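Chemist: My file is input_30.cif. It has mmCIF, C-alpha atoms:
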```
data_input
loop_
_atom_site.label_atom_id
_atom_site.label_comp_id
_atom_site.auth_asym_id
_atom_site.auth_seq_id
_atom_site.Cartn_x
_atom_site.Cartn_y
_atom_site.Cartn_z
CA ASP H 1 -4.70 -32.15 238.25
CA ALA H 2 -4.57 -30.13 235.02
CA GLY H 3 -7.47 -31.94 233.43
CA VAL H 4 -7.58 -33.02 229.80
CA ILE H 5 -5.30 -30.78 227.76
CA GLN H 6 -5.92 -30.14 224.10
CA SER H 7 -3.81 -28.21 221.63
CA PRO H 8 -4.06 -26.02 219.75
CA ARG H 9 -7.14 -24.15 220.99
CA HIS H 10 -7.73 -22.69 217.54
CA GLU H 11 -6.51 -23.83 214.14
CA VAL H 12 -7.09 -22.12 210.82
CA THR H 13 -5.79 -23.93 207.79
CA GLU H 14 -6.24 -23.97 204.06
CA MET H 15 -8.14 -26.69 202.28
CA GLY H 16 -5.86 -29.58 201.37
CA GLN H 17 -3.45 -29.07 204.25
CA GLU H 18 -2.76 -31.63 206.95
CA VAL H 19 -4.11 -30.85 210.40
CA THR H 20 -3.03 -32.52 213.63
CA LEU H 21 -4.94 -32.11 216.87
CA ARG H 22 -3.37 -33.18 220.14
CA CYS H 23 -4.67 -34.44 223.46
CA LYS H 24 -3.14 -35.25 226.82
CA PRO H 25 -5.58 -37.25 228.96
CA ILE H 26 -5.79 -37.24 232.73
CA SER H 27 -3.20 -39.50 234.25
CA GLY H 28 -4.68 -42.83 235.25
CA HIS H 29 -7.62 -42.61 232.89
CA ASN H 30 -7.52 -45.66 230.65
CA SER H 31 -10.13 -44.60 228.09
CA LEU H 32 -9.80 -41.74 225.62
CA PHE H 33 -12.43 -40.41 223.27
CA TRP H 34 -12.43 -38.01 220.33
CA TYR H 35 -15.67 -36.13 219.62
CA ARG H 36 -16.63 -33.55 217.04
CA GLN H 37 -19.25 -30.90 217.72
CA THR H 38 -21.36 -29.46 214.92
CA MET H 39 -24.67 -27.64 214.95
CA MET H 40 -26.40 -30.32 212.92
CA ARG H 41 -25.15 -33.43 214.69
CA GLY H 42 -24.22 -32.24 218.15
CA LEU H 43 -21.39 -34.21 219.75
CA GLU H 44 -20.39 -37.07 217.47
CA LEU H 45 -18.10 -39.81 218.73
CA LEU H 46 -15.30 -40.28 216.22
CA ILE H 47 -13.11 -42.89 217.88
CA TYR H 48 -12.21 -44.20 221.30
CA PHE H 49 -9.25 -45.98 222.81
CA ASN H 50 -8.99 -48.26 225.80
CA ASN H 51 -5.53 -48.83 227.25
CA ASN H 52 -4.07 -47.15 224.14
CA VAL H 53 -5.81 -49.58 221.78
CA PRO H 54 -8.44 -48.29 219.31
CA ILE H 55 -11.70 -50.01 220.19
CA ASP H 56 -14.27 -48.38 217.94
CA ASP H 57 -13.51 -46.08 215.02
CA SER H 58 -16.88 -46.43 213.31
CA GLY H 59 -17.54 -42.73 213.79
CA MET H 60 -14.53 -41.60 211.79
CA PRO H 61 -16.06 -39.84 208.78
CA GLU H 62 -13.72 -41.13 206.12
CA ASP H 63 -10.19 -42.22 205.38
CA ARG H 64 -8.94 -38.68 205.59
CA PHE H 65 -9.26 -38.98 209.37
CA SER H 66 -6.87 -41.01 211.48
CA ALA H 67 -6.14 -41.20 215.20
CA LYS H 68 -3.29 -42.62 217.23
CA MET H 69 -2.49 -43.15 220.87
CA PRO H 70 1.19 -44.11 221.07
CA ASN H 71 1.17 -44.07 224.88
CA ALA H 72 -1.11 -43.50 227.84
CA SER H 73 -0.42 -39.77 227.98
CA PHE H 74 -0.84 -38.66 224.38
CA SER H 75 -3.21 -38.96 221.44
CA THR H 76 -3.49 -37.28 218.05
CA LEU H 77 -6.28 -36.84 215.56
CA LYS H 78 -5.08 -36.13 212.05
CA ILE H 79 -6.99 -34.92 209.02
CA GLN H 80 -5.24 -35.21 205.66
CA PRO H 81 -6.22 -33.55 203.41
CA SER H 82 -8.52 -31.16 205.25
CA GLU H 83 -11.73 -29.85 203.70
CA PRO H 84 -14.01 -26.92 204.63
CA ARG H 85 -16.70 -29.33 205.87
CA ASP H 86 -14.27 -30.53 208.54
CA SER H 87 -14.64 -27.17 210.26
CA ALA H 88 -15.96 -27.87 213.76
CA VAL H 89 -14.92 -28.02 217.39
CA TYR H 90 -13.06 -31.20 218.23
CA PHE H 91 -13.10 -32.45 221.80
CA CYS H 92 -11.00 -35.02 223.53
CA ALA H 93 -12.27 -36.71 226.69
CA SER H 94 -10.75 -39.24 229.04
CA SER H 95 -12.33 -41.51 231.59
CA PRO H 96 -11.38 -44.06 234.23
CA SER H 97 -14.67 -45.84 233.63
CA ALA H 98 -17.65 -45.92 231.34
CA TYR H 99 -19.25 -42.85 232.86
CA GLY H 100 -16.69 -40.54 234.37
CA TYR H 101 -15.86 -38.53 231.27
CA THR H 102 -13.75 -35.38 231.58
CA PHE H 103 -13.59 -33.25 228.47
CA GLY H 104 -10.86 -30.93 227.32
CA SER H 105 -11.60 -27.38 226.23
CA GLY H 106 -11.65 -28.35 222.58
CA THR H 107 -9.90 -27.30 219.39
CA ARG H 108 -11.83 -25.03 217.06
CA LEU H 109 -10.83 -25.97 213.52
CA THR H 110 -11.54 -23.71 210.58
CA VAL H 111 -10.66 -24.91 207.10
CA VAL H 112 -10.80 -22.17 204.47
CA ASP N 1 -29.04 -42.21 212.43
CA GLN N 2 -29.40 -40.16 215.59
CA GLN N 3 -29.88 -42.53 218.49
CA VAL N 4 -30.22 -39.70 221.02
CA LYS N 5 -32.39 -36.76 220.05
CA GLN N 6 -32.98 -33.37 221.55
CA ASN N 7 -35.72 -31.86 219.45
CA SER N 8 -35.66 -28.40 221.00
CA PRO N 9 -32.55 -26.52 219.90
CA SER N 10 -33.27 -23.67 222.29
CA LEU N 11 -35.29 -22.77 225.37
CA SER N 12 -35.82 -19.43 227.07
CA VAL N 13 -36.99 -19.29 230.70
CA GLN N 14 -37.43 -16.52 233.23
CA GLU N 15 -35.26 -16.55 236.33
CA GLY N 16 -36.91 -18.42 239.20
CA ARG N 17 -39.14 -20.51 236.97
CA ILE N 18 -38.71 -24.16 236.02
CA SER N 19 -36.63 -25.20 233.01
CA ILE N 20 -37.52 -28.52 231.41
CA LEU N 21 -35.17 -30.00 228.84
CA ASN N 22 -36.21 -33.09 226.95
CA CYS N 23 -34.40 -35.98 225.33
CA ASP N 24 -35.56 -39.04 223.38
CA TYR N 25 -33.61 -42.14 222.51
CA THR N 26 -34.15 -45.07 220.19
CA ASN N 27 -31.86 -47.82 221.45
CA SER N 28 -33.46 -49.94 224.19
CA MET N 29 -30.02 -51.27 225.11
CA PHE N 30 -29.00 -47.97 226.70
CA ASP N 31 -28.62 -48.54 230.44
CA TYR N 32 -27.24 -45.25 231.73
CA PHE N 33 -28.18 -41.69 230.93
CA LEU N 34 -26.38 -38.44 231.65
CA TRP N 35 -26.74 -34.71 231.22
CA TYR N 36 -23.79 -32.50 230.44
CA LYS N 37 -23.62 -28.73 230.53
CA LYS N 38 -21.46 -26.67 228.21
CA TYR N 39 -20.43 -23.04 228.42
CA PRO N 40 -18.94 -21.24 225.39
CA ALA N 41 -15.26 -21.99 224.75
CA GLU N 42 -15.26 -24.77 227.33
CA GLY N 43 -15.68 -28.52 227.18
CA PRO N 44 -18.89 -30.19 228.40
CA THR N 45 -19.02 -30.91 232.13
CA PHE N 46 -21.01 -33.62 233.86
CA LEU N 47 -24.19 -32.47 235.53
CA ILE N 48 -26.35 -35.40 236.62
CA SER N 49 -27.02 -39.02 235.66
CA ILE N 50 -29.53 -41.81 236.07
CA SER N 51 -29.39 -45.56 235.77
CA SER N 52 -32.01 -47.38 233.74
CA ILE N 53 -33.22 -49.15 236.88
CA LYS N 54 -34.41 -45.85 238.32
CA ASP N 55 -36.99 -43.36 237.16
CA LYS N 56 -35.80 -40.29 239.04
CA ASN N 57 -32.57 -38.83 240.37
CA GLU N 58 -32.29 -35.53 242.18
CA ASP N 59 -29.30 -33.33 242.96
CA GLY N 60 -30.10 -29.96 244.41
CA ARG N 61 -31.92 -27.85 241.85
CA PHE N 62 -31.50 -30.53 239.18
CA THR N 63 -33.74 -33.57 238.72
CA VAL N 64 -33.61 -36.09 235.91
CA PHE N 65 -36.64 -38.22 235.07
CA LEU N 66 -36.52 -41.39 232.99
CA ASN N 67 -39.49 -42.98 231.25
CA LYS N 68 -38.18 -46.22 229.77
CA SER N 69 -41.42 -47.24 228.11
CA ALA N 70 -41.46 -43.96 226.20
CA LYS N 71 -37.67 -43.91 225.75
CA HIS N 72 -37.70 -40.39 227.10
CA LEU N 73 -35.80 -38.50 229.73
CA SER N 74 -36.01 -34.96 230.96
CA LEU N 75 -33.98 -32.57 233.05
CA HIS N 76 -35.77 -30.20 235.40
CA ILE N 77 -34.02 -27.16 236.83
CA VAL N 78 -35.84 -25.45 239.67
CA PRO N 79 -35.47 -22.58 240.27
CA SER N 80 -33.65 -21.51 237.12
CA GLN N 81 -30.80 -19.03 237.52
CA PRO N 82 -29.00 -16.84 234.98
CA GLY N 83 -25.84 -18.90 235.55
CA ASP N 84 -27.70 -21.93 234.19
CA SER N 85 -27.62 -20.37 230.72
CA ALA N 86 -25.61 -22.86 228.66
CA VAL N 87 -25.98 -25.68 226.16
CA TYR N 88 -27.23 -28.90 227.71
CA PHE N 89 -26.41 -32.26 226.15
CA CYS N 90 -28.22 -35.47 226.87
CA ALA N 91 -26.11 -38.64 226.60
CA ALA N 92 -26.75 -42.38 226.76
CA SER N 93 -24.52 -45.38 227.22
CA TYR N 94 -24.77 -49.16 226.88
CA THR N 95 -21.17 -50.19 226.52
CA ASP N 96 -18.27 -47.98 227.45
CA LYS N 97 -19.03 -45.11 225.13
CA LEU N 98 -21.42 -42.20 225.38
CA ILE N 99 -23.76 -41.21 222.57
CA PHE N 100 -24.75 -37.56 222.75
CA GLY N 101 -27.71 -35.61 221.46
CA THR N 102 -27.52 -32.38 219.51
CA GLY N 103 -27.93 -30.14 222.53
CA THR N 104 -30.44 -27.56 223.79
CA ARG N 105 -29.38 -23.99 224.38
CA LEU N 106 -30.98 -22.71 227.59
CA GLN N 107 -31.22 -19.02 228.23
CA VAL N 108 -32.39 -17.83 231.64
CA PHE N 109 -33.36 -14.17 231.64
CA PRO N 110 -34.01 -11.89 234.66
#
```
Before anything else, please render the file you have as structure tokens.

Modeler:
Amino acid sequence: DAGVIQSPRHEVTEMGQEVTLRCKPISGHNSLFWYRQTMMRGLELLIYFNNNVPIDDSGMPEDRFSAKMPNASFSTLKIQPSEPRDSAVYFCASSPSAYGYTFGSGTRLTVV
Amino acid sequence: DQQVKQNSPSLSVQEGRISILNCDYTNSMFDYFLWYKKYPAEGPTFLISISSIKDKNEDGRFTVFLNKSAKHLSLHIVPSQPGDSAVYFCAASYTDKLIFGTGTRLQVFP
């Protein structure tokens, strides 16, 4: 079991550019979560999917953020256009239940 | 609106002594509480949990205490070891999503 796989590990982009973060959940896990880690707010839940369907996106900061899960083995988080305040570590997690979260190693995003 | 709060951003403890990490929450609907541990450049990993029907859960050196009336939980690590140095996140759940606190950085020194 390779765990939750996120790519890229690091992303540096210029303000205004589109950024796409990718996640491959653990096979058999039917829930997928996107979190953002910042010093001020800790781990913020952005959006989560259950059986590939978005259930709660109330944590998405604004319309510049969007997330998709076209199938059970892949999800993307897109920021367009990116801004310096989006700089953070973005984590993907998957779970077979409400409590058994497994996190990926994260993507460190820097917007300059 | 931070529903789960960890008011101590950092804690420094000597090896062998007890580490106590605290967490407060505001939503009385939370029914399950967890602690996660995070090393640099890695994702958080599950450490220990407690259901709202209990007030204590122990796993080796780690014990979590829950005080529902005070909406407070704590993590005790005894004895603390240098390898325990990490960021610890408290989390709470009442549906199928986890709400995390801001984290406490624990440093255990020799």

Chemist: Taking all atoms listed in the file into account, find every residue of chain N that has an atom no more than 6 Å from chain H, and write it out as a list in words.

Modeler: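 In the required form, that comes to Glu42, Gly43, Asp96, Phe100, Gly101 and Thr102 of chain N.
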
Chemist: Dump C-alpha atoms for the selected residues as a PDB file, keeping the file's coordinate frame?

Modeler:
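What ended up in out_13.pdb:
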```
ATOM      1  CA  GLU N  42     -15.260 -24.770 227.330  1.00  0.00           C
ATOM      2  CA  GLY N  43     -15.680 -28.520 227.180  1.00  0.00           C
ATOM      3  CA  ASP N  96     -18.270 -47.980 227.450  1.00  0.00           C
ATOM      4  CA  PHE N 100     -24.750 -37.560 222.750  1.00  0.00           C
ATOM      5  CA  GLY N 101     -27.710 -35.610 221.460  1.00  0.00           C
ATOM      6  CA  THR N 102     -27.520 -32.380 219.510  1.00  0.00           C
TER       7      THR N 102
END
```

Chemist: Excluding Ile50 in chain N and any residue of its chain fewer than 6 positions from it, enumerate the residues within 9 Å of it, using only C-alpha atoms, and give them as a ChimeraX atom specification.

Modeler: /N:31-34,56-57,64-66

Chemist: How would you write, as a list in words, the residues chosen by the PyMOL selection byres ((chain N and resi 8-23) around 8) on this structure?

Modeler: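 Against this file, the PyMOL selection byres ((chain N and resi 8-23) around 8) returns the residues Val4, Lys5, Gln6, Asn7, Asp24, Tyr25, His72, Leu73, Ser74, Leu75, His76, Ile77, Val78, Pro79, Ser80, Gln81, Pro82, Cys90, Gly101, Thr102, Gly103, Thr104, Arg105, Leu106, Gln107, Val108, Phe109 and Pro110 of chain N.
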
Chemist: Return the padded bounding box of range 19-32 of chain N as lines of an AutoDock Vina configuration file: axis-aligned, built from all atoms listed in the file, 5 Å added on each side, with centre and edge lengths in Å to one decimal.

Modeler:
```
center_x = -32.4
center_y = -38.2
center_z = 226.6
size_x = 20.3
size_y = 36.1
size_z = 22.8
```

Chemist: Quick one, how far is CA of Asn71 in chain H from CA of Arg22 in chain H?

Modeler: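 Spanning CA of Asn71 in chain H to CA of Arg22 in chain H is a straight-line distance of 12.7 Å.
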
Chemist: Around (-6.8, -35.3, 202.5), as given in the file, which residues come within 10 Å? Count all atoms listed in the file and list them as a list in words.

Modeler: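 Those within range, by chain then number, are Met15, Gly16, Gln17, Glu18, Val19, Glu62, Asp63, Arg64, Phe65, Lys78, Ile79, Gln80, Pro81, Ser82 and Glu83 of chain H.
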
Chemist: Quick one, how far is CA of Phe30 in chain N from CA of Thr95 in chain N?

Modeler: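 We find that CA of Phe30 in chain N and CA of Thr95 in chain N lie 8.1 Å from each other.
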
Chemist: Could you jot down the CA of Pro84 in chain H to CA of Val111 in chain H separation for me, Å, one decimal place?

Modeler: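 Atom-to-atom, CA of Pro84 in chain H and CA of Val111 in chain H are spaced 4.6 Å apart.
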
Chemist: Start from the incomplete input, build N, CA and C atoms for range 73-109 of chain H, and deliver everything as a PDB file, keeping the file's coordinate frame.

Modeler:
```pdb
ATOM      1  N   SER H  73      -0.330 -41.197 227.681  1.00  0.00           N
ATOM      2  CA  SER H  73      -0.420 -39.770 227.980  1.00  0.00           C
ATOM      3  C   SER H  73      -0.537 -38.886 226.753  1.00  0.00           C
ATOM      4  N   PHE H  74      -0.821 -39.481 225.585  1.00  0.00           N
ATOM      5  CA  PHE H  74      -0.840 -38.660 224.380  1.00  0.00           C
ATOM      6  C   PHE H  74      -1.649 -39.306 223.268  1.00  0.00           C
ATOM      7  N   SER H  75      -2.457 -38.477 222.601  1.00  0.00           N
ATOM      8  CA  SER H  75      -3.210 -38.960 221.440  1.00  0.00           C
ATOM      9  C   SER H  75      -3.262 -37.857 220.399  1.00  0.00           C
ATOM     10  N   THR H  76      -3.349 -38.246 219.149  1.00  0.00           N
ATOM     11  CA  THR H  76      -3.490 -37.280 218.050  1.00  0.00           C
ATOM     12  C   THR H  76      -4.648 -37.677 217.157  1.00  0.00           C
ATOM     13  N   LEU H  77      -5.261 -36.666 216.595  1.00  0.00           N
ATOM     14  CA  LEU H  77      -6.280 -36.840 215.560  1.00  0.00           C
ATOM     15  C   LEU H  77      -5.783 -36.061 214.348  1.00  0.00           C
ATOM     16  N   LYS H  78      -5.642 -36.746 213.237  1.00  0.00           N
ATOM     17  CA  LYS H  78      -5.080 -36.130 212.050  1.00  0.00           C
ATOM     18  C   LYS H  78      -6.093 -36.131 210.916  1.00  0.00           C
ATOM     19  N   ILE H  79      -6.123 -35.030 210.202  1.00  0.00           N
ATOM     20  CA  ILE H  79      -6.990 -34.920 209.020  1.00  0.00           C
ATOM     21  C   ILE H  79      -6.084 -34.561 207.838  1.00  0.00           C
ATOM     22  N   GLN H  80      -6.090 -35.415 206.825  1.00  0.00           N
ATOM     23  CA  GLN H  80      -5.240 -35.210 205.660  1.00  0.00           C
ATOM     24  C   GLN H  80      -5.868 -35.810 204.423  1.00  0.00           C
ATOM     25  N   PRO H  81      -6.233 -35.010 203.431  1.00  0.00           N
ATOM     26  CA  PRO H  81      -6.220 -33.550 203.410  1.00  0.00           C
ATOM     27  C   PRO H  81      -7.477 -32.969 204.054  1.00  0.00           C
ATOM     28  N   SER H  82      -7.362 -31.788 204.603  1.00  0.00           N
ATOM     29  CA  SER H  82      -8.520 -31.160 205.250  1.00  0.00           C
ATOM     30  C   SER H  82      -9.438 -30.526 204.207  1.00  0.00           C
ATOM     31  N   GLU H  83     -10.721 -30.449 204.564  1.00  0.00           N
ATOM     32  CA  GLU H  83     -11.730 -29.850 203.700  1.00  0.00           C
ATOM     33  C   GLU H  83     -12.565 -28.873 204.526  1.00  0.00           C
ATOM     34  N   PRO H  84     -13.201 -27.894 203.886  1.00  0.00           N
ATOM     35  CA  PRO H  84     -14.010 -26.920 204.630  1.00  0.00           C
ATOM     36  C   PRO H  84     -15.084 -27.565 205.507  1.00  0.00           C
ATOM     37  N   ARG H  85     -15.649 -28.685 205.078  1.00  0.00           N
ATOM     38  CA  ARG H  85     -16.700 -29.330 205.870  1.00  0.00           C
ATOM     39  C   ARG H  85     -16.170 -29.986 207.153  1.00  0.00           C
ATOM     40  N   ASP H  86     -14.862 -30.011 207.302  1.00  0.00           N
ATOM     41  CA  ASP H  86     -14.270 -30.530 208.540  1.00  0.00           C
ATOM     42  C   ASP H  86     -14.261 -29.455 209.633  1.00  0.00           C
ATOM     43  N   SER H  87     -14.623 -28.245 209.277  1.00  0.00           N
ATOM     44  CA  SER H  87     -14.640 -27.170 210.260  1.00  0.00           C
ATOM     45  C   SER H  87     -15.627 -27.483 211.373  1.00  0.00           C
ATOM     46  N   ALA H  88     -15.161 -27.477 212.609  1.00  0.00           N
ATOM     47  CA  ALA H  88     -15.960 -27.870 213.760  1.00  0.00           C
ATOM     48  C   ALA H  88     -15.108 -27.661 214.999  1.00  0.00           C
ATOM     49  N   VAL H  89     -15.693 -27.970 216.160  1.00  0.00           N
ATOM     50  CA  VAL H  89     -14.920 -28.020 217.390  1.00  0.00           C
ATOM     51  C   VAL H  89     -14.677 -29.487 217.721  1.00  0.00           C
ATOM     52  N   TYR H  90     -13.440 -29.822 217.933  1.00  0.00           N
ATOM     53  CA  TYR H  90     -13.060 -31.200 218.230  1.00  0.00           C
ATOM     54  C   TYR H  90     -12.696 -31.305 219.703  1.00  0.00           C
ATOM     55  N   PHE H  91     -13.349 -32.256 220.378  1.00  0.00           N
ATOM     56  CA  PHE H  91     -13.100 -32.450 221.800  1.00  0.00           C
ATOM     57  C   PHE H  91     -12.442 -33.807 222.039  1.00  0.00           C
ATOM     58  N   CYS H  92     -11.578 -33.795 223.006  1.00  0.00           N
ATOM     59  CA  CYS H  92     -11.000 -35.020 223.530  1.00  0.00           C
ATOM     60  C   CYS H  92     -11.536 -35.192 224.948  1.00  0.00           C
ATOM     61  N   ALA H  93     -11.819 -36.424 225.335  1.00  0.00           N
ATOM     62  CA  ALA H  93     -12.270 -36.710 226.690  1.00  0.00           C
ATOM     63  C   ALA H  93     -11.546 -37.954 227.179  1.00  0.00           C
ATOM     64  N   SER H  94     -11.322 -38.015 228.484  1.00  0.00           N
ATOM     65  CA  SER H  94     -10.750 -39.240 229.040  1.00  0.00           C
ATOM     66  C   SER H  94     -11.598 -39.681 230.221  1.00  0.00           C
ATOM     67  N   SER H  95     -11.476 -40.951 230.554  1.00  0.00           N
ATOM     68  CA  SER H  95     -12.330 -41.510 231.590  1.00  0.00           C
ATOM     69  C   SER H  95     -11.658 -42.712 232.252  1.00  0.00           C
ATOM     70  N   PRO H  96     -11.852 -42.851 233.563  1.00  0.00           N
ATOM     71  CA  PRO H  96     -11.380 -44.060 234.230  1.00  0.00           C
ATOM     72  C   PRO H  96     -12.395 -45.194 234.159  1.00  0.00           C
ATOM     73  N   SER H  97     -13.591 -44.850 233.666  1.00  0.00           N
ATOM     74  CA  SER H  97     -14.670 -45.840 233.630  1.00  0.00           C
ATOM     75  C   SER H  97     -15.614 -45.472 232.502  1.00  0.00           C
ATOM     76  N   ALA H  98     -16.715 -46.165 232.436  1.00  0.00           N
ATOM     77  CA  ALA H  98     -17.650 -45.920 231.340  1.00  0.00           C
ATOM     78  C   ALA H  98     -18.343 -44.574 231.468  1.00  0.00           C
ATOM     79  N   TYR H  99     -18.376 -43.991 232.661  1.00  0.00           N
ATOM     80  CA  TYR H  99     -19.250 -42.850 232.860  1.00  0.00           C
ATOM     81  C   TYR H  99     -18.542 -41.588 233.327  1.00  0.00           C
ATOM     82  N   GLY H 100     -17.335 -41.719 233.798  1.00  0.00           N
ATOM     83  CA  GLY H 100     -16.690 -40.540 234.370  1.00  0.00           C
ATOM     84  C   GLY H 100     -15.893 -39.740 233.374  1.00  0.00           C
ATOM     85  N   TYR H 101     -16.563 -39.282 232.303  1.00  0.00           N
ATOM     86  CA  TYR H 101     -15.860 -38.530 231.270  1.00  0.00           C
ATOM     87  C   TYR H 101     -15.437 -37.158 231.770  1.00  0.00           C
ATOM     88  N   THR H 102     -14.217 -36.761 231.412  1.00  0.00           N
ATOM     89  CA  THR H 102     -13.750 -35.380 231.580  1.00  0.00           C
ATOM     90  C   THR H 102     -13.317 -34.893 230.213  1.00  0.00           C
ATOM     91  N   PHE H 103     -13.900 -33.799 229.787  1.00  0.00           N
ATOM     92  CA  PHE H 103     -13.590 -33.250 228.470  1.00  0.00           C
ATOM     93  C   PHE H 103     -12.511 -32.180 228.557  1.00  0.00           C
ATOM     94  N   GLY H 104     -11.750 -32.066 227.480  1.00  0.00           N
ATOM     95  CA  GLY H 104     -10.860 -30.930 227.320  1.00  0.00           C
ATOM     96  C   GLY H 104     -11.645 -29.732 226.839  1.00  0.00           C
ATOM     97  N   SER H 105     -10.939 -28.618 226.639  1.00  0.00           N
ATOM     98  CA  SER H 105     -11.600 -27.380 226.230  1.00  0.00           C
ATOM     99  C   SER H 105     -11.874 -27.314 224.734  1.00  0.00           C
ATOM    100  N   GLY H 106     -11.342 -28.282 223.998  1.00  0.00           N
ATOM    101  CA  GLY H 106     -11.650 -28.350 222.580  1.00  0.00           C
ATOM    102  C   GLY H 106     -10.667 -27.605 221.701  1.00  0.00           C
ATOM    103  N   THR H 107     -10.654 -28.000 220.431  1.00  0.00           N
ATOM    104  CA  THR H 107      -9.900 -27.300 219.390  1.00  0.00           C
ATOM    105  C   THR H 107     -10.901 -26.853 218.335  1.00  0.00           C
ATOM    106  N   ARG H 108     -10.949 -25.534 218.102  1.00  0.00           N
ATOM    107  CA  ARG H 108     -11.830 -25.030 217.060  1.00  0.00           C
ATOM    108  C   ARG H 108     -11.069 -25.011 215.746  1.00  0.00           C
ATOM    109  N   LEU H 109     -11.484 -25.846 214.825  1.00  0.00           N
ATOM    110  CA  LEU H 109     -10.830 -25.970 213.520  1.00  0.00           C
ATOM    111  C   LEU H 109     -11.629 -25.249 212.463  1.00  0.00           C
TER     112      LEU H 109
END
```
